[in-house]
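Okay, structure first, notes after.
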Amino acid sequence: MPETPLRRAATRDGLVALGVLAAWTVAVTLLARTDVWHPRWQDAHLWAGVGLAVPLALRRVAPAAGLWLTVVGYPLGYALLTYGSPVQADLHVLPLLVAAYAATRAGAVHPVLTGAAGAASTFALVVGADGVRSLTGPAPTVGDPSDTVLLLALVLAATALGTVAGRLAATTRSLELRNAELRALQAVRERAAVRAERTRIARELHDVVAHHVSAIVVRAQAADRVGGDRPEEYREAVRWIAPAGKEALTAMRSVVRVLRAPDEGGAPLAPLPGLDDLAGVLDRVRGSGLAVDADLPDPLPPCPPEAGLALVRVVQEALTNVLVHSAAARAGVTLAARPGRLTLRVHDAGPARAGTGGTHGGGNGVVHMRERAAACGGTLTAGPGPDGWTVTMEVPVP
């Protein structure tokens with residue numbers, strides 16, 4: 001049978017009790033052999049050691065049993081050994097103090113009941129047991145009442161101290177449990193924050209890489225098709241690809257710098273794209289060979305940074321999907337401002353490109369667009385229509 005914490009506690013307490021009893025017995029035996037100490041009843045002093053060992057051994061495994069054995073058995077045995085004489089030494093009340101403290105410390109017995117039982121047992125121990133004393137002759141003389149009051153006060157104080165210690169221990173356990181729950185909750189929140197940050201970075205990397213690289217790939221494929229037949233168009237495509245590649249690297253570095261800690265001494269982060277950068281996105285797509293008809297308000301309406309970033313990234317992703325998945329040569333981008341909201345529509349009228357599975361953004365693109373819309377409190381729908389593919393996004397604005 002595996003050893004439980006309670007069994008280990010019982011073993012330790014039993015060893016402590018045996019050690020105290022042995023030390024007490026040796027001390028009493030040695031003192032009795034000297035010329036300094038001549039107790040009337042040496043057995044009473046030895047019995048006090050036994051009475052002390054009982055509540056010590058049971059203080060954690062059975063504190064209530066330790067209390068009742070001590071308050072009942074200890075005065076009775078003491079009276080039998082001393083023939084009903086009063087307590088031989090104030091120190092002999094120590095077993096009652098330990099029993100009262102252990103019972104209330106563990107919450108095994110109500111403090112009022114413990115105090116009453118301890119006081120009654122102390123009083124019986126101090127004045128002697130009448131039932132036994134009557135068999136031995138005249139009653140002994142009881143000492144100063146102040147001694148009795150002092151011993152009773154000590155037992156009651158031990159009861160109160162045990163009660164306070166028990167409540168403090170219960171409060172400490174409760175606080176430890178709450179701290180453990182808070183630490184677990186904090187760990188869950190940290191993991192959720194890490195997942196959210198990873199998702200955000202993955203979405204940003206996807207949007208940046210997919211847009212720039214897709215545009216470069218489309219333009220490179222177009223250059224390959226014209227080849228040496230139209231050298232001027234070929235050279236124009238090559239001249240466009242080089243700066244587009246540099247721009248892609250710059251955008252990727254801006255995203256990668258987000259991963260750096262502030263104390264790593266990285267360069268200042270570039271500002272996130274906003275609605276003002278929408279024209280640049282359209283020009284870059286036009287440069288890749290896709291004609292884009294834009295219907296934008298002039299001037300552009302004000303909107304929160306989160307909404308502006310989401311709008312730009314959705315336009316970027318939607319047009320990238322047109323480049324990769326559609327055979328359309330033209331796409332339209334419309335941004336309409338209404339009180340309290342902005343509505344974005346990206347549409348192409350071409351059929352799906354062969355070999356693309358017949359859907360725009362069959363991977364993470366549409367998912368990322370919906371996540372961006374939801375992050376700023378908006379909605380997004382994307383799907384095929386009678387004449388092509390349409391992405392519609394609405395975001396709230398002040």
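By order in the structure tokens, chains are A, B, ...; within a chain, residues start at 1; ligands start at 1, following the order shown.
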
(request) Compile the contact shell of A:Val346 as an MDAnalysis selection string: residues with an atom at most 12 Å away, counting only C-alpha atoms, same-chain residues fewer than 5 positions apart removed. (result) chainID A and resid 282 292:296 311:312 314:322 330:336 380:384 388:394

Deliver the residues from the most recent selection as a file, using N, CA and C atoms, as a compact mmCIF listing (two decimals), in the first residue's frame.
```txt
# COMPACT_ATOMS: atom_id res chain seq x y z
N LEU A 282 -3.37 49.69 -55.17
CA LEU A 282 -3.99 49.58 -56.49
C LEU A 282 -2.96 49.77 -57.60
N VAL A 292 -7.40 47.75 -62.86
CA VAL A 292 -8.24 47.93 -61.68
C VAL A 292 -9.01 49.23 -61.83
N ASP A 293 -10.34 49.13 -61.80
CA ASP A 293 -11.20 50.31 -61.81
C ASP A 293 -11.55 50.63 -60.36
N ALA A 294 -11.17 51.81 -59.91
CA ALA A 294 -11.38 52.19 -58.51
C ALA A 294 -12.42 53.30 -58.41
N ASP A 295 -13.36 53.11 -57.51
CA ASP A 295 -14.37 54.14 -57.21
C ASP A 295 -14.24 54.45 -55.72
N LEU A 296 -13.41 55.46 -55.43
CA LEU A 296 -13.10 55.80 -54.04
C LEU A 296 -13.59 57.20 -53.73
N LEU A 311 -9.16 47.30 -44.15
CA LEU A 311 -9.63 47.61 -45.51
C LEU A 311 -8.51 47.44 -46.53
N VAL A 312 -7.34 47.97 -46.21
CA VAL A 312 -6.22 47.87 -47.15
C VAL A 312 -5.83 46.41 -47.37
N VAL A 314 -7.64 43.71 -46.95
CA VAL A 314 -8.67 42.96 -47.67
C VAL A 314 -8.61 43.28 -49.17
N VAL A 315 -8.45 44.55 -49.52
CA VAL A 315 -8.28 44.89 -50.94
C VAL A 315 -7.06 44.17 -51.51
N GLN A 316 -5.99 44.19 -50.77
CA GLN A 316 -4.75 43.56 -51.21
C GLN A 316 -4.95 42.06 -51.43
N GLU A 317 -5.59 41.39 -50.47
CA GLU A 317 -5.80 39.94 -50.59
C GLU A 317 -6.79 39.61 -51.70
N ALA A 318 -7.87 40.40 -51.79
CA ALA A 318 -8.88 40.12 -52.82
C ALA A 318 -8.30 40.28 -54.22
N LEU A 319 -7.52 41.34 -54.44
CA LEU A 319 -6.92 41.54 -55.76
C LEU A 319 -5.85 40.49 -56.05
N THR A 320 -5.13 40.07 -55.02
CA THR A 320 -4.15 39.00 -55.20
C THR A 320 -4.84 37.71 -55.64
N ASN A 321 -6.01 37.44 -55.05
CA ASN A 321 -6.77 36.26 -55.46
C ASN A 321 -7.23 36.36 -56.91
N VAL A 322 -7.57 37.58 -57.34
CA VAL A 322 -7.95 37.76 -58.74
C VAL A 322 -6.76 37.44 -59.64
N ARG A 330 -9.62 42.41 -65.63
CA ARG A 330 -10.01 43.66 -65.01
C ARG A 330 -10.77 43.35 -63.71
N ALA A 331 -10.58 44.20 -62.71
CA ALA A 331 -11.30 44.08 -61.44
C ALA A 331 -11.75 45.46 -61.02
N GLY A 332 -12.77 45.50 -60.19
CA GLY A 332 -13.29 46.77 -59.70
C GLY A 332 -13.23 46.83 -58.18
N VAL A 333 -12.85 48.00 -57.67
CA VAL A 333 -12.79 48.24 -56.22
C VAL A 333 -13.66 49.46 -55.93
N THR A 334 -14.64 49.28 -55.04
CA THR A 334 -15.55 50.36 -54.69
C THR A 334 -15.55 50.53 -53.18
N LEU A 335 -15.40 51.77 -52.71
CA LEU A 335 -15.48 52.08 -51.29
C LEU A 335 -16.56 53.13 -51.11
N ALA A 336 -17.59 52.79 -50.36
CA ALA A 336 -18.71 53.72 -50.14
C ALA A 336 -18.76 54.09 -48.67
N LEU A 380 -17.67 40.32 -43.33
CA LEU A 380 -17.15 40.12 -44.68
C LEU A 380 -17.81 38.90 -45.30
N THR A 381 -18.21 39.05 -46.54
CA THR A 381 -18.74 37.94 -47.32
C THR A 381 -17.92 37.82 -48.59
N ALA A 382 -17.69 36.59 -49.01
CA ALA A 382 -16.92 36.35 -50.23
C ALA A 382 -17.47 35.11 -50.92
N GLY A 383 -17.68 35.22 -52.22
CA GLY A 383 -18.20 34.06 -52.93
C GLY A 383 -18.46 34.36 -54.39
N PRO A 384 -18.76 33.33 -55.15
CA PRO A 384 -19.01 33.50 -56.59
C PRO A 384 -20.39 34.09 -56.84
N GLY A 388 -18.82 36.35 -61.86
CA GLY A 388 -17.49 36.43 -61.27
C GLY A 388 -17.51 36.24 -59.77
N TRP A 389 -16.49 36.78 -59.13
CA TRP A 389 -16.29 36.62 -57.68
C TRP A 389 -16.37 37.99 -57.02
N THR A 390 -17.04 38.05 -55.86
CA THR A 390 -17.23 39.32 -55.18
C THR A 390 -16.88 39.18 -53.70
N VAL A 391 -16.14 40.15 -53.21
CA VAL A 391 -15.82 40.26 -51.78
C VAL A 391 -16.45 41.56 -51.28
N THR A 392 -17.28 41.45 -50.25
CA THR A 392 -17.93 42.63 -49.68
C THR A 392 -17.62 42.70 -48.19
N MET A 393 -17.19 43.87 -47.76
CA MET A 393 -16.80 44.05 -46.36
C MET A 393 -17.44 45.33 -45.84
N GLU A 394 -17.97 45.26 -44.63
CA GLU A 394 -18.52 46.44 -43.95
C GLU A 394 -17.85 46.59 -42.60
```

Quick one: residues within 12 Å of A:Val16, only C-alpha atoms counted, chain neighbours fewer than 3 positions away excluded, as a PDB file with C-alpha atoms, in the first residue's frame?
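Output file selection.pdb follows:
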```
ATOM      1  CA  ALA A   9       2.133  12.583   9.300  1.00  0.00           C
ATOM      2  CA  ALA A  10       0.962   9.880  11.710  1.00  0.00           C
ATOM      3  CA  THR A  11       4.381   8.246  11.599  1.00  0.00           C
ATOM      4  CA  ARG A  12       6.201  11.512  12.243  1.00  0.00           C
ATOM      5  CA  ASP A  13       3.857  12.507  15.070  1.00  0.00           C
ATOM      6  CA  GLY A  19      10.823  10.974  21.690  1.00  0.00           C
ATOM      7  CA  VAL A  20       9.108  13.416  24.062  1.00  0.00           C
ATOM      8  CA  LEU A  21       7.974  10.565  26.318  1.00  0.00           C
ATOM      9  CA  ALA A  22      11.472   9.083  26.421  1.00  0.00           C
ATOM     10  CA  ALA A  23      13.084  12.449  27.181  1.00  0.00           C
ATOM     11  CA  LEU A  52       1.630  14.627  26.916  1.00  0.00           C
ATOM     12  CA  ALA A  53       2.553  11.919  24.394  1.00  0.00           C
ATOM     13  CA  VAL A  54      -1.080  11.037  23.608  1.00  0.00           C
ATOM     14  CA  PRO A  55      -2.234  14.383  22.090  1.00  0.00           C
ATOM     15  CA  LEU A  56       1.140  14.783  20.387  1.00  0.00           C
ATOM     16  CA  ALA A  57       0.735  11.421  18.641  1.00  0.00           C
ATOM     17  CA  LEU A  58      -2.870  12.120  17.595  1.00  0.00           C
ATOM     18  CA  ARG A  59      -2.673  15.850  16.860  1.00  0.00           C
TER      19      ARG A  59
END
```

(message) Let me make sure I understand: among A:Ala48, A:Val281, A:Ala349, A:Ala103, which one has the smallest atom-to-atom distance to A:Ser326 if we use only C-alpha atoms?
(response)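 Nearest candidate to A:Ser326 out of A:Ala48, A:Val281, A:Ala349, A:Ala103: A:Ala349.
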
(request) Show which residues sit within 12 Å of A:Val28, as a PyMOL selection string. Count only C-alpha atoms, and ignore same-chain residues fewer than 2 positions away. (result) chain A and resi 21-26+30-34+37-39+41-49

(message) Under the rule that only C-alpha atoms are counted, which of A:Ala244, A:Gly118, A:Val109, A:Met369 is the nearest residue to A:Val93?
(response) A:Gly118

(message) Can you measure atom CA of A:Val126 to atom CA of A:Val61 for me? One decimal in Å is fine.
(response)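 Computed distance, atom CA of A:Val126 to atom CA of A:Val61, equals 29.2 Å.
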
(request) Using atom CA of A:Arg284 and atom CA of A:Asp387 as the two end points, give the distance in Å to one decimal. (result)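 We find that atom CA of A:Arg284 and atom CA of A:Asp387 lie 24.9 Å from each other.
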
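Between atom CA of A:Ala119 and atom CA of A:Ala102 there is a distance of 15.4 Å.
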
(request) Identify which of the residues A:Thr343, A:Thr104, A:Thr70, A:Thr379 lies closest to A:Ser121, counting only C-alpha atoms when measuring atom-to-atom distances. (result)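 Closest candidate: A:Thr70.
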
(request) Go through A:Val213, A:Ala192, A:Ala99, A:Ala202 one by one, measure the shortest atom-to-atom distance of each to A:Gly162 using only C-alpha atoms, and give the residue with the smallest value. (result) A:Ala99

(request) Just the residues within 8 Å of A:Pro398, please, counting only C-alpha atoms, with nothing from its chain fewer than 2 positions along; format it as a list in words. (result) Cys303, Gly340, Arg341 and Pro396 of chain A

Keeping only N, CA and C atoms, write the selected residues as a PDB file, in the first residue's frame.
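result_14.pdb, freshly written:
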```pdb
ATOM      1  N   CYS A 303     -11.176  57.118 -40.656  1.00  0.00           N
ATOM      2  CA  CYS A 303     -11.588  55.862 -40.022  1.00  0.00           C
ATOM      3  C   CYS A 303     -10.516  55.452 -39.026  1.00  0.00           C
ATOM      4  N   GLY A 340     -21.748  56.078 -40.156  1.00  0.00           N
ATOM      5  CA  GLY A 340     -21.473  54.998 -39.208  1.00  0.00           C
ATOM      6  C   GLY A 340     -20.842  53.764 -39.796  1.00  0.00           C
ATOM      7  N   ARG A 341     -20.564  53.724 -41.091  1.00  0.00           N
ATOM      8  CA  ARG A 341     -19.965  52.521 -41.653  1.00  0.00           C
ATOM      9  C   ARG A 341     -19.323  52.818 -43.004  1.00  0.00           C
ATOM     10  N   PRO A 396     -17.641  49.289 -39.080  1.00  0.00           N
ATOM     11  CA  PRO A 396     -18.215  50.467 -38.428  1.00  0.00           C
ATOM     12  C   PRO A 396     -17.162  51.553 -38.247  1.00  0.00           C
TER      13      PRO A 396
END
```

(message) If we count only C-alpha atoms and set the cut-off at 10 Å, which residues sit around A:Asp90, ignoring sequence neighbours fewer than 2 positions away in its own chain? Please answer as a PyMOL selection string.
(response) chain A and resi 87-88+92-94+126+147-148+150-151

(request) Go through A:His110, A:Arg313, A:Arg173, A:Arg338 and flag the residue nearest A:Pro297, using only C-alpha atoms for the distances. (result)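 Under the stated criterion, the closest residue is A:Arg338.
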
(request) Give the helix (DSSP H, G or I) residues of stretch 11-227 of chain A, as DSSP finds them on the backbone, and put them as an MDAnalysis selection string. (result) chainID A and resid 11:32 42:58 63:81 90:105 111:127 130:133 145:226

I'd like the contact shell of stretch 308-310 of chain A - 9 Å cut-off, only C-alpha atoms, skipping same-chain residues fewer than 2 positions apart - returned as a compact mmCIF listing (two decimals) with C-alpha atoms, in the first residue's frame.
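Dumped to part_5.txt:
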```
# COMPACT_ATOMS: atom_id res chain seq x y z
CA LEU A 272 1.02 50.19 -40.35
CA PRO A 273 -0.79 50.73 -43.66
CA GLY A 274 -3.95 52.80 -43.54
CA LEU A 275 -6.64 53.95 -45.90
CA ASP A 276 -4.22 56.49 -47.41
CA PRO A 302 -11.56 59.24 -41.74
CA CYS A 303 -11.59 55.86 -40.02
CA PRO A 304 -9.86 54.17 -37.06
CA PRO A 305 -6.38 52.70 -37.72
CA GLU A 306 -7.63 49.14 -37.21
CA VAL A 312 -6.22 47.87 -47.15
CA ARG A 313 -5.33 44.24 -46.40
CA VAL A 314 -8.67 42.96 -47.67
CA VAL A 315 -8.28 44.89 -50.94
CA MET A 369 -10.01 38.46 -44.56
CA ARG A 372 -9.54 41.06 -40.15
CA ALA A 373 -13.12 42.22 -40.57
CA ALA A 375 -11.19 42.18 -35.46
CA CYS A 376 -12.47 45.70 -36.16
CA VAL A 395 -16.79 48.07 -41.01
```
